file input-v1.pdb (PDB, C-alpha atoms)
ATOM      1  CA  MET A 178       0.000   0.000   0.000
ATOM      2  CA  ILE A 179       2.782   2.407   0.933
ATOM      3  CA  ASN A 180       4.591   1.372  -2.256
ATOM      4  CA  ILE A 181       1.654   2.508  -4.382
ATOM      5  CA  LEU A 182       1.587   5.850  -2.564
ATOM      6  CA  LEU A 183       5.333   6.311  -3.091
ATOM      7  CA  ALA A 184       4.998   5.400  -6.775
ATOM      8  CA  ILE A 185       2.204   7.951  -7.266
ATOM      9  CA  ILE A 186       4.082  10.753  -5.469
ATOM     10  CA  SER A 187       7.345  10.142  -7.308
ATOM     11  CA  THR A 188       5.546   9.873 -10.658
ATOM     12  CA  ILE A 189       3.861  13.259 -10.167
ATOM     13  CA  GLY A 190       7.194  14.766  -9.138
ATOM     14  CA  ALA A 191       9.149  13.403 -12.080
ATOM     15  CA  LEU A 192       6.435  14.373 -14.582
ATOM     16  CA  SER A 193       6.243  17.938 -13.281
ATOM     17  CA  ILE A 194      10.025  18.250 -13.645
ATOM     18  CA  LEU A 195       9.685  16.903 -17.197
ATOM     19  CA  PHE A 196       6.959  19.474 -17.952
ATOM     20  CA  ALA A 197       9.198  22.230 -16.605
ATOM     21  CA  SER A 198      12.007  21.208 -18.923
ATOM     22  CA  ILE A 199       9.683  20.927 -21.922
ATOM     23  CA  GLY A 200       8.374  24.391 -21.030
ATOM     24  CA  ILE A 201      11.809  25.979 -20.866
ATOM     25  CA  LEU A 202      12.570  24.497 -24.281
ATOM     26  CA  ARG A 203       9.307  25.359 -26.034
ATOM     27  CA  MET A 204       8.097  28.688 -24.591
ATOM     28  CA  PRO A 205       8.541  31.682 -26.921
ATOM     29  CA  ASP A 206      10.233  34.312 -24.756
ATOM     30  CA  PHE A 207      12.277  34.634 -21.592
ATOM     31  CA  TYR A 208       9.509  35.729 -19.210
ATOM     32  CA  LEU A 209       7.209  32.837 -20.126
ATOM     33  CA  ARG A 210      10.133  30.445 -19.696
ATOM     34  CA  LEU A 211      10.816  31.886 -16.268
ATOM     35  CA  SER A 212       7.217  31.672 -15.124
ATOM     36  CA  VAL A 213       6.759  28.087 -16.293
ATOM     37  CA  THR A 214      10.020  26.831 -14.862
ATOM     38  CA  VAL A 215      10.235  27.924 -11.236
ATOM     39  CA  LYS A 216       6.903  26.666  -9.912
ATOM     40  CA  ALA A 217       6.925  23.290 -11.646
ATOM     41  CA  SER A 218      10.505  22.427 -10.696
ATOM     42  CA  THR A 219       9.944  23.407  -7.062
ATOM     43  CA  LEU A 220       6.832  21.204  -6.924
ATOM     44  CA  GLY A 221       8.646  18.270  -8.521
ATOM     45  CA  VAL A 222      11.714  18.343  -6.286
ATOM     46  CA  GLY A 223       9.514  18.853  -3.235
ATOM     47  CA  LEU A 224       7.466  15.757  -4.064
ATOM     48  CA  LEU A 225      10.621  13.675  -4.616
ATOM     49  CA  LEU A 226      11.974  14.813  -1.237
ATOM     50  CA  ILE A 227       8.673  13.928   0.461
ATOM     51  CA  CYS A 228       9.049  10.504  -1.164
ATOM     52  CA  ALA A 229      12.547  10.167   0.332
ATOM     53  CA  SER A 230      11.372  11.225   3.772
ATOM     54  CA  ILE A 231       8.653   8.549   3.711
ATOM     55  CA  MET A 232      11.136   5.954   2.446
ATOM     56  CA  PHE A 233      13.731   6.319   5.227
ATOM     57  CA  PRO A 234      12.277   5.558   8.683
ATOM     58  CA  ASP A 235      14.510   8.130  10.338
ATOM     59  CA  VAL A 236      13.947  11.535  11.885
ATOM     60  CA  SER A 237      17.166  13.064  10.523
ATOM     61  CA  VAL A 238      16.198  12.379   6.902
ATOM     62  CA  THR A 239      12.769  13.918   7.435
ATOM     63  CA  THR A 240      14.369  16.990   8.987
ATOM     64  CA  LYS A 241      16.785  17.377   6.074
ATOM     65  CA  ALA A 242      14.013  16.921   3.515
ATOM     66  CA  ILE A 243      11.830  19.525   5.229
ATOM     67  CA  ALA A 244      14.824  21.884   5.375
ATOM     68  CA  ILE A 245      15.532  21.512   1.646
ATOM     69  CA  VAL A 246      11.862  21.986   0.679
ATOM     70  CA  PHE A 247      11.546  25.037   2.939
ATOM     71  CA  PHE A 248      14.716  26.539   1.504
ATOM     72  CA  LEU A 249      13.608  25.910  -2.092
ATOM     73  CA  ILE A 250      10.140  27.379  -1.517
ATOM     74  CA  ILE A 251      11.665  30.496   0.047
ATOM     75  CA  THR A 252      14.531  31.078  -2.381
ATOM     76  CA  ALA A 253      13.088  30.113  -5.787
ATOM     77  CA  PRO A 254      10.689  33.120  -6.073
ATOM     78  CA  ILE A 255      13.417  35.517  -4.864
ATOM     79  CA  GLY A 256      15.881  34.293  -7.462
ATOM     80  CA  ALA A 257      13.232  34.340 -10.196
ATOM     81  CA  HIS A 258      12.226  37.898  -9.303
ATOM     82  CA  MET A 259      15.807  39.151  -9.360
ATOM     83  CA  ILE A 260      16.705  37.509 -12.653
ATOM     84  CA  GLY A 261      13.456  38.725 -14.239
ATOM     85  CA  ARG A 262      14.174  42.272 -13.047
ATOM     86  CA  ALA A 263      17.696  42.109 -14.467
ATOM     87  CA  ALA A 264      16.304  40.797 -17.752
ATOM     88  CA  TYR A 265      13.811  43.671 -17.951
ATOM     89  CA  PHE A 266      16.544  46.241 -17.373
ATOM     90  CA  THR A 267      18.846  44.785 -19.979
ATOM     91  CA  GLY A 268      16.074  44.982 -22.565
ATOM     92  CA  THR A 269      15.220  41.344 -23.173
ATOM     93  CA  PRO A 270      12.510  41.426 -25.875
ATOM     94  CA  LEU A 271       8.966  40.414 -25.016
ATOM     95  CA  TRP A 272       7.003  37.932 -27.090
ATOM     96  CA  LYS A 273       5.358  39.406 -30.197
ATOM     97  CA  GLY A 274       1.934  38.313 -28.927
ATOM     98  CA  THR A 275       2.289  40.325 -25.722
ATOM     99  CA  ILE A 276      -0.874  42.379 -25.128
ATOM    100  CA  VAL A 277       0.041  44.633 -22.192
ATOM    101  CA  ASP A 278       3.322  45.587 -20.538
ATOM    102  CA  GLN A 279       2.371  47.269 -17.280
ATOM    103  CA  LEU A 280       5.977  48.093 -16.412
ATOM    104  CA  ALA A 281       6.491  50.155 -19.575
ATOM    105  CA  GLY A 282       7.831  53.575 -18.602
ATOM    106  CA  MET A 283       7.578  52.890 -14.879
ATOM    107  CA  TYR A 284      11.258  52.260 -14.219
ATOM    108  CA  ASN A 285      13.778  55.001 -13.695
ATOM    109  CA  LYS A 286      16.640  53.954 -15.901
ATOM    110  CA  GLU A 287      19.250  55.834 -13.896
ATOM    111  CA  THR A 288      18.476  54.799 -10.332
ATOM    112  CA  HIS A 289      16.623  51.527 -11.116
ATOM    113  CA  GLU A 290      13.687  52.628  -8.973
ATOM    114  CA  LEU A 291      10.061  51.771  -9.646
ATOM    115  CA  GLU A 292       7.622  54.699  -9.773
ATOM    116  CA  SER A 293       3.869  54.371  -9.457
ATOM    117  CA  ASP A 294       3.225  57.389 -11.693
ATOM    118  CA  PRO A 295       4.763  57.340 -15.163
ATOM    119  CA  SER A 296       4.923  61.145 -15.346
ATOM    120  CA  GLN A 297       7.406  61.180 -12.461
ATOM    121  CA  VAL A 298       9.927  59.185 -14.431
ATOM    122  CA  PRO A 299      12.412  61.323 -16.334
ATOM    123  CA  PRO A 300      12.410  60.408 -20.025
ATOM    124  CA  SER A 301      15.459  58.413 -20.871
ATOM    125  CA  GLU A 302      17.308  58.525 -24.124
ATOM    126  CA  GLU A 303      17.591  54.764 -24.136
ATOM    127  CA  LEU A 304      15.138  52.426 -25.753
ATOM    128  CA  ASN A 305      11.459  52.993 -25.097
ATOM    129  CA  GLU A 306       9.840  49.957 -23.523
ATOM    130  CA  GLU A 307       6.952  50.106 -25.971
ATOM    131  CA  GLU A 308       9.429  49.172 -28.668
ATOM    132  CA  ASN A 309      10.809  46.344 -26.622
ATOM    133  CA  ILE A 310       8.291  43.839 -27.997
ATOM    134  CA  ALA A 311       9.787  41.521 -30.551
ATOM    135  CA  ARG A 312       8.417  41.728 -34.059
ATOM    136  CA  THR A 313       9.469  38.347 -35.352
ATOM    137  CA  GLU A 314       9.766  34.909 -33.901
ATOM    138  CA  ASP A 315      13.521  34.930 -34.455
ATOM    139  CA  GLU A 316      14.200  37.659 -31.916
ATOM    140  CA  THR A 317      12.974  35.602 -28.985
ATOM    141  CA  ASP A 318      13.711  32.046 -30.017
TER     142      ASP A 318
ATOM    143  CA  MET B 165       7.039  -4.525 -10.735
ATOM    144  CA  THR B 166       8.828  -3.581  -7.569
ATOM    145  CA  LEU B 167       9.338  -0.029  -6.420
ATOM    146  CA  GLU B 168      13.112  -0.288  -6.869
ATOM    147  CA  SER B 169      12.874  -1.209 -10.536
ATOM    148  CA  TYR B 170      10.230   1.487 -10.983
ATOM    149  CA  PHE B 171      12.696   4.058  -9.669
ATOM    150  CA  ASP B 172      15.429   2.654 -11.890
ATOM    151  CA  PHE B 173      13.467   2.340 -15.116
ATOM    152  CA  PHE B 174      10.986   5.237 -14.970
ATOM    153  CA  ILE B 175      11.917   8.022 -12.546
ATOM    154  CA  LEU B 176      15.629   8.279 -13.281
ATOM    155  CA  PRO B 177      15.237   8.174 -17.105
ATOM    156  CA  VAL B 178      12.561  10.885 -16.963
ATOM    157  CA  LEU B 179      14.863  13.111 -14.896
ATOM    158  CA  THR B 180      17.741  12.409 -17.280
ATOM    159  CA  ILE B 181      15.646  13.373 -20.323
ATOM    160  CA  SER B 182      14.666  16.569 -18.472
ATOM    161  CA  VAL B 183      18.325  17.486 -17.936
ATOM    162  CA  ILE B 184      19.052  16.882 -21.630
ATOM    163  CA  LEU B 185      16.135  19.118 -22.701
ATOM    164  CA  VAL B 186      17.257  21.911 -20.361
ATOM    165  CA  PHE B 187      20.813  21.561 -21.642
ATOM    166  CA  ILE B 188      19.563  22.263 -25.181
ATOM    167  CA  ARG B 189      18.158  25.568 -23.890
ATOM    168  CA  LEU B 190      21.459  26.267 -22.094
ATOM    169  CA  TYR B 191      23.253  25.751 -25.402
ATOM    170  CA  LYS B 192      20.812  27.712 -27.604
ATOM    171  CA  GLY B 193      19.715  30.452 -25.202
ATOM    172  CA  PRO B 194      19.608  33.755 -27.131
ATOM    173  CA  THR B 195      20.331  35.942 -24.088
ATOM    174  CA  VAL B 196      22.486  35.414 -21.032
ATOM    175  CA  VAL B 197      19.482  35.430 -18.660
ATOM    176  CA  ASP B 198      18.084  32.386 -20.468
ATOM    177  CA  ARG B 199      21.315  30.589 -19.712
ATOM    178  CA  VAL B 200      21.195  31.616 -16.052
ATOM    179  CA  VAL B 201      17.667  30.246 -15.663
ATOM    180  CA  ALA B 202      18.616  27.033 -17.475
ATOM    181  CA  LEU B 203      21.619  26.550 -15.182
ATOM    182  CA  ASP B 204      19.425  27.105 -12.127
ATOM    183  CA  LEU B 205      16.932  24.531 -13.413
ATOM    184  CA  ILE B 206      19.716  22.006 -14.090
ATOM    185  CA  ILE B 207      20.935  22.295 -10.492
ATOM    186  CA  THR B 208      17.367  21.957  -9.193
ATOM    187  CA  ILE B 209      16.857  18.778 -11.228
ATOM    188  CA  GLY B 210      20.220  17.607  -9.882
ATOM    189  CA  ILE B 211      18.795  17.852  -6.368
ATOM    190  CA  GLY B 212      15.976  15.552  -7.483
ATOM    191  CA  ILE B 213      18.413  13.078  -9.040
ATOM    192  CA  ILE B 214      20.510  13.031  -5.857
ATOM    193  CA  THR B 215      17.361  12.361  -3.830
ATOM    194  CA  VAL B 216      16.297   9.411  -5.994
ATOM    195  CA  TYR B 217      19.846   8.059  -5.979
ATOM    196  CA  SER B 218      20.032   8.256  -2.204
ATOM    197  CA  ILE B 219      16.783   6.292  -2.029
ATOM    198  CA  ARG B 220      18.095   3.627  -4.393
ATOM    199  CA  SER B 221      21.541   3.253  -2.825
ATOM    200  CA  ASN B 222      20.102   3.529   0.713
ATOM    201  CA  GLN B 223      22.638   6.184   1.686
ATOM    202  CA  LYS B 224      21.041   9.067   3.511
ATOM    203  CA  VAL B 225      24.229  11.170   3.667
ATOM    204  CA  PHE B 226      23.687  12.176   0.037
ATOM    205  CA  LEU B 227      20.927  14.531   1.161
ATOM    206  CA  ASP B 228      23.610  16.792   2.682
ATOM    207  CA  VAL B 229      24.963  17.310  -0.818
ATOM    208  CA  ALA B 230      21.459  18.292  -1.926
ATOM    209  CA  ILE B 231      21.322  20.993   0.774
ATOM    210  CA  ILE B 232      24.639  22.454  -0.396
ATOM    211  CA  LEU B 233      23.522  22.348  -4.040
ATOM    212  CA  ALA B 234      20.309  24.227  -3.228
ATOM    213  CA  LEU B 235      22.376  26.911  -1.475
ATOM    214  CA  ILE B 236      24.819  27.213  -4.376
ATOM    215  CA  ALA B 237      22.008  27.469  -6.943
ATOM    216  CA  PHE B 238      20.374  30.326  -5.040
ATOM    217  CA  LEU B 239      23.612  32.236  -4.509
ATOM    218  CA  GLY B 240      24.638  31.758  -8.135
ATOM    219  CA  THR B 241      21.330  33.095  -9.449
ATOM    220  CA  ILE B 242      21.470  36.118  -7.119
ATOM    221  CA  ALA B 243      25.071  36.911  -8.095
ATOM    222  CA  PHE B 244      24.356  36.577 -11.823
ATOM    223  CA  ALA B 245      21.246  38.786 -11.528
ATOM    224  CA  TYR B 246      23.158  41.458  -9.585
ATOM    225  CA  TYR B 247      26.030  41.670 -12.031
ATOM    226  CA  ILE B 248      23.840  41.537 -15.143
ATOM    227  CA  GLU B 249      21.789  44.413 -13.769
ATOM    228  CA  GLN B 250      24.836  46.525 -12.834
ATOM    229  CA  ARG B 251      26.626  45.894 -16.108
ATOM    230  CA  LYS B 252      27.063  48.821 -18.442
ATOM    231  CA  ASP B 253      26.350  48.372 -22.112
ATOM    232  CA  ASP B 254      29.397  46.951 -23.779
TER     233      ASP B 254
END
call {"tool": "encode", "arguments": {"input": "input-v1.pdb", "output": "structure tokens"}}
result
Amino acid sequence: MINILLAIISTIGALSILFASIGILRMPDFYLRLSVTVKASTLGVGLLLICASIMFPDVSVTTKAIAIVFFLIITAPIGAHMIGRAAYFTGTPLWKGTIVDQLAGMYNKETHELESDPSQVPPSEELNEEENIARTEDETD
Amino acid sequence: MTLESYFDFFILPVLTISVILVFIRLYKGPTVVDRVVALDLIITIGIGIITVYSIRSNQKVFLDVAIILALIAFLGTIAFAYYIEQRKDD
């Protein structure tokens, strides 16, 4: 009975990791790749670690598994936010099917601060974010 | 089919195929941030592979390596993001 439960948990974990890797290969631009990757991989590794903590009848393994899952759940969104912010500043093109870019014109290019009112931001001579959207498939693939 | 052979013949091959697919993105990746995310995902899948391997070889000390790898992946992503953001146009 416990074997069936372990098989189900590990299967869901491995398949979600596989979906994350298919997503990072197939998604059209960087931001979609980022959003599909972080959540699915955290879920998959967390389920595999739960499987390990059920498998070993030992308190130390359970403690380590809980520590790793806790650390992953805390740090994965922070890392994803920072790398997405860096990508937006360096002008990574958005997908050509992007409908709205709510950050367009909100960032101060000099101080890297986020303003809530676009009129407060001094106009920069660098690229306008409205023109940041890719026009062809080749620019994002 | 026992659970051990299920781990050997289904879970580990699926994780291996995942690493290969992510490595294609690490090789292609048009921008450097794509490569950073792909590297982070490879290390995260490595934690999963270490976990399954520690189950199969019945060695629980391998989970310590997984803790260190999770720490290194986080610090690497933060450092890459900081320096990419501070970098001037070259």
call {"tool": "residues_near_point", "arguments": {"input": "input-v1.pdb", "point": "(13.9, 29.1, 0.0)", "cutoff": "12 Å", "atoms": "only C-alpha atoms", "output": "ChimeraX atom specification"}}
result
/A:215,219,223,243-257 /B:231,234-239
call {"tool": "closest_atom_pairs", "arguments": {"input": "input-v1.pdb", "of": "chain A", "to": "chain B", "cutoff": "9 Å", "atoms": "only C-alpha atoms", "output": "JSON lines"}}
result
{"residue": "A:Asn180", "atom": "CA", "partner": "B:Leu167", "partner_atom": "CA", "distance": 6.5}
{"residue": "A:Ile181", "atom": "CA", "partner": "B:Leu167", "partner_atom": "CA", "distance": 8.3}
{"residue": "A:Leu183", "atom": "CA", "partner": "B:Leu167", "partner_atom": "CA", "distance": 8.2}
{"residue": "A:Ala184", "atom": "CA", "partner": "B:Leu167", "partner_atom": "CA", "distance": 7.0}
{"residue": "A:Ser187", "atom": "CA", "partner": "B:Ile175", "partner_atom": "CA", "distance": 7.3}
{"residue": "A:Thr188", "atom": "CA", "partner": "B:Ile175", "partner_atom": "CA", "distance": 6.9}
{"residue": "A:Gly190", "atom": "CA", "partner": "B:Ile175", "partner_atom": "CA", "distance": 8.9}
{"residue": "A:Ala191", "atom": "CA", "partner": "B:Ile175", "partner_atom": "CA", "distance": 6.1}
{"residue": "A:Leu192", "atom": "CA", "partner": "B:Val178", "partner_atom": "CA", "distance": 7.4}
{"residue": "A:Ile194", "atom": "CA", "partner": "B:Ser182", "partner_atom": "CA", "distance": 6.9}
{"residue": "A:Leu195", "atom": "CA", "partner": "B:Ser182", "partner_atom": "CA", "distance": 5.2}
{"residue": "A:Phe196", "atom": "CA", "partner": "B:Ser182", "partner_atom": "CA", "distance": 8.3}
{"residue": "A:Ala197", "atom": "CA", "partner": "B:Ser182", "partner_atom": "CA", "distance": 8.1}
{"residue": "A:Ser198", "atom": "CA", "partner": "B:Ser182", "partner_atom": "CA", "distance": 5.4}
{"residue": "A:Ile199", "atom": "CA", "partner": "B:Leu185", "partner_atom": "CA", "distance": 6.7}
{"residue": "A:Ile201", "atom": "CA", "partner": "B:Val186", "partner_atom": "CA", "distance": 6.8}
{"residue": "A:Leu202", "atom": "CA", "partner": "B:Arg189", "partner_atom": "CA", "distance": 5.7}
{"residue": "A:Phe207", "atom": "CA", "partner": "B:Asp198", "partner_atom": "CA", "distance": 6.3}
{"residue": "A:Arg210", "atom": "CA", "partner": "B:Asp198", "partner_atom": "CA", "distance": 8.2}
{"residue": "A:Leu211", "atom": "CA", "partner": "B:Val201", "partner_atom": "CA", "distance": 7.1}
{"residue": "A:Thr214", "atom": "CA", "partner": "B:Leu205", "partner_atom": "CA", "distance": 7.4}
{"residue": "A:Val215", "atom": "CA", "partner": "B:Leu205", "partner_atom": "CA", "distance": 7.8}
{"residue": "A:Ser218", "atom": "CA", "partner": "B:Thr208", "partner_atom": "CA", "distance": 7.0}
{"residue": "A:Thr219", "atom": "CA", "partner": "B:Thr208", "partner_atom": "CA", "distance": 7.9}
{"residue": "A:Gly221", "atom": "CA", "partner": "B:Gly212", "partner_atom": "CA", "distance": 7.9}
{"residue": "A:Val222", "atom": "CA", "partner": "B:Gly212", "partner_atom": "CA", "distance": 5.2}
{"residue": "A:Gly223", "atom": "CA", "partner": "B:Gly212", "partner_atom": "CA", "distance": 8.4}
{"residue": "A:Leu225", "atom": "CA", "partner": "B:Gly212", "partner_atom": "CA", "distance": 6.4}
{"residue": "A:Leu226", "atom": "CA", "partner": "B:Thr215", "partner_atom": "CA", "distance": 6.5}
{"residue": "A:Cys228", "atom": "CA", "partner": "B:Val216", "partner_atom": "CA", "distance": 8.8}
{"residue": "A:Ala229", "atom": "CA", "partner": "B:Ile219", "partner_atom": "CA", "distance": 6.2}
{"residue": "A:Met232", "atom": "CA", "partner": "B:Ile219", "partner_atom": "CA", "distance": 7.2}
{"residue": "A:Phe233", "atom": "CA", "partner": "B:Ile219", "partner_atom": "CA", "distance": 7.9}
{"residue": "A:Ser237", "atom": "CA", "partner": "B:Lys224", "partner_atom": "CA", "distance": 9.0}
{"residue": "A:Val238", "atom": "CA", "partner": "B:Lys224", "partner_atom": "CA", "distance": 6.8}
{"residue": "A:Lys241", "atom": "CA", "partner": "B:Leu227", "partner_atom": "CA", "distance": 7.0}
{"residue": "A:Ala242", "atom": "CA", "partner": "B:Leu227", "partner_atom": "CA", "distance": 7.7}
{"residue": "A:Ala244", "atom": "CA", "partner": "B:Ile231", "partner_atom": "CA", "distance": 8.0}
{"residue": "A:Ile245", "atom": "CA", "partner": "B:Ile231", "partner_atom": "CA", "distance": 5.9}
{"residue": "A:Phe248", "atom": "CA", "partner": "B:Ala234", "partner_atom": "CA", "distance": 7.7}
{"residue": "A:Leu249", "atom": "CA", "partner": "B:Ala234", "partner_atom": "CA", "distance": 7.0}
{"residue": "A:Thr252", "atom": "CA", "partner": "B:Phe238", "partner_atom": "CA", "distance": 6.5}
{"residue": "A:Ala253", "atom": "CA", "partner": "B:Phe238", "partner_atom": "CA", "distance": 7.3}
{"residue": "A:Ile255", "atom": "CA", "partner": "B:Ile242", "partner_atom": "CA", "distance": 8.4}
{"residue": "A:Gly256", "atom": "CA", "partner": "B:Ile242", "partner_atom": "CA", "distance": 5.9}
{"residue": "A:Ala257", "atom": "CA", "partner": "B:Val201", "partner_atom": "CA", "distance": 8.1}
{"residue": "A:Met259", "atom": "CA", "partner": "B:Ala245", "partner_atom": "CA", "distance": 5.9}
{"residue": "A:Ile260", "atom": "CA", "partner": "B:Ala245", "partner_atom": "CA", "distance": 4.8}
{"residue": "A:Gly261", "atom": "CA", "partner": "B:Val197", "partner_atom": "CA", "distance": 8.2}
{"residue": "A:Arg262", "atom": "CA", "partner": "B:Glu249", "partner_atom": "CA", "distance": 7.9}
{"residue": "A:Ala263", "atom": "CA", "partner": "B:Glu249", "partner_atom": "CA", "distance": 4.7}
{"residue": "A:Ala264", "atom": "CA", "partner": "B:Val197", "partner_atom": "CA", "distance": 6.3}
{"residue": "A:Phe266", "atom": "CA", "partner": "B:Glu249", "partner_atom": "CA", "distance": 6.6}
{"residue": "A:Thr267", "atom": "CA", "partner": "B:Glu249", "partner_atom": "CA", "distance": 6.9}
{"residue": "A:Thr269", "atom": "CA", "partner": "B:Thr195", "partner_atom": "CA", "distance": 7.5}
{"residue": "A:Glu316", "atom": "CA", "partner": "B:Pro194", "partner_atom": "CA", "distance": 8.2}
{"residue": "A:Thr317", "atom": "CA", "partner": "B:Pro194", "partner_atom": "CA", "distance": 7.1}
{"residue": "A:Asp318", "atom": "CA", "partner": "B:Pro194", "partner_atom": "CA", "distance": 6.8}
call {"tool": "atom_distance", "arguments": {"input": "input-v1.pdb", "atom1": "atom CA of A:Met204", "atom2": "atom CA of A:Leu291"}}
result
27.6 Å
call {"tool": "atom_distance", "arguments": {"input": "input-v1.pdb", "atom1": "atom CA of A:Thr275", "atom2": "atom CA of A:Ile310"}}
result
7.3 Å
call {"tool": "atom_distance", "arguments": {"input": "input-v1.pdb", "atom1": "atom CA of A:Pro205", "atom2": "atom CA of A:Leu271"}}
result
8.9 Å
call {"tool": "decode", "arguments": {"input": "input-v1.pdb", "residues": "stretch 218-229 of chain B", "atoms": "N, CA and C atoms", "output": "CSV table (one decimal), in the first residue's frame"}}
result
chain,number,residue,atom,x,y,z
B,218,SER,N,19.8,8.6,-3.6
B,218,SER,CA,20.0,8.3,-2.2
B,218,SER,C,19.0,7.3,-1.7
B,219,ILE,N,17.8,7.3,-2.3
B,219,ILE,CA,16.8,6.3,-2.0
B,219,ILE,C,17.2,4.9,-2.5
B,220,ARG,N,17.7,4.9,-3.8
B,220,ARG,CA,18.1,3.6,-4.4
B,220,ARG,C,19.3,3.0,-3.8
B,221,SER,N,20.3,3.8,-3.4
B,221,SER,CA,21.5,3.3,-2.8
B,221,SER,C,21.5,3.2,-1.3
B,222,ASN,N,20.4,3.6,-0.7
B,222,ASN,CA,20.1,3.5,0.7
B,222,ASN,C,21.2,4.3,1.5
B,223,GLN,N,21.6,5.4,1.0
B,223,GLN,CA,22.6,6.2,1.7
B,223,GLN,C,22.0,7.5,2.0
B,224,LYS,N,21.7,7.8,3.2
B,224,LYS,CA,21.0,9.1,3.5
B,224,LYS,C,22.0,10.3,3.6
B,225,VAL,N,23.3,10.0,3.6
B,225,VAL,CA,24.2,11.2,3.7
B,225,VAL,C,24.2,12.0,2.4
B,226,PHE,N,23.7,11.4,1.3
B,226,PHE,CA,23.7,12.2,0.0
B,226,PHE,C,22.8,13.4,0.1
B,227,LEU,N,21.8,13.4,1.1
B,227,LEU,CA,20.9,14.5,1.2
B,227,LEU,C,21.7,15.8,1.6
B,228,ASP,N,22.8,15.6,2.3
B,228,ASP,CA,23.6,16.8,2.7
B,228,ASP,C,24.1,17.5,1.4
B,229,VAL,N,24.5,16.7,0.4
B,229,VAL,CA,25.0,17.3,-0.8
B,229,VAL,C,23.8,18.1,-1.5
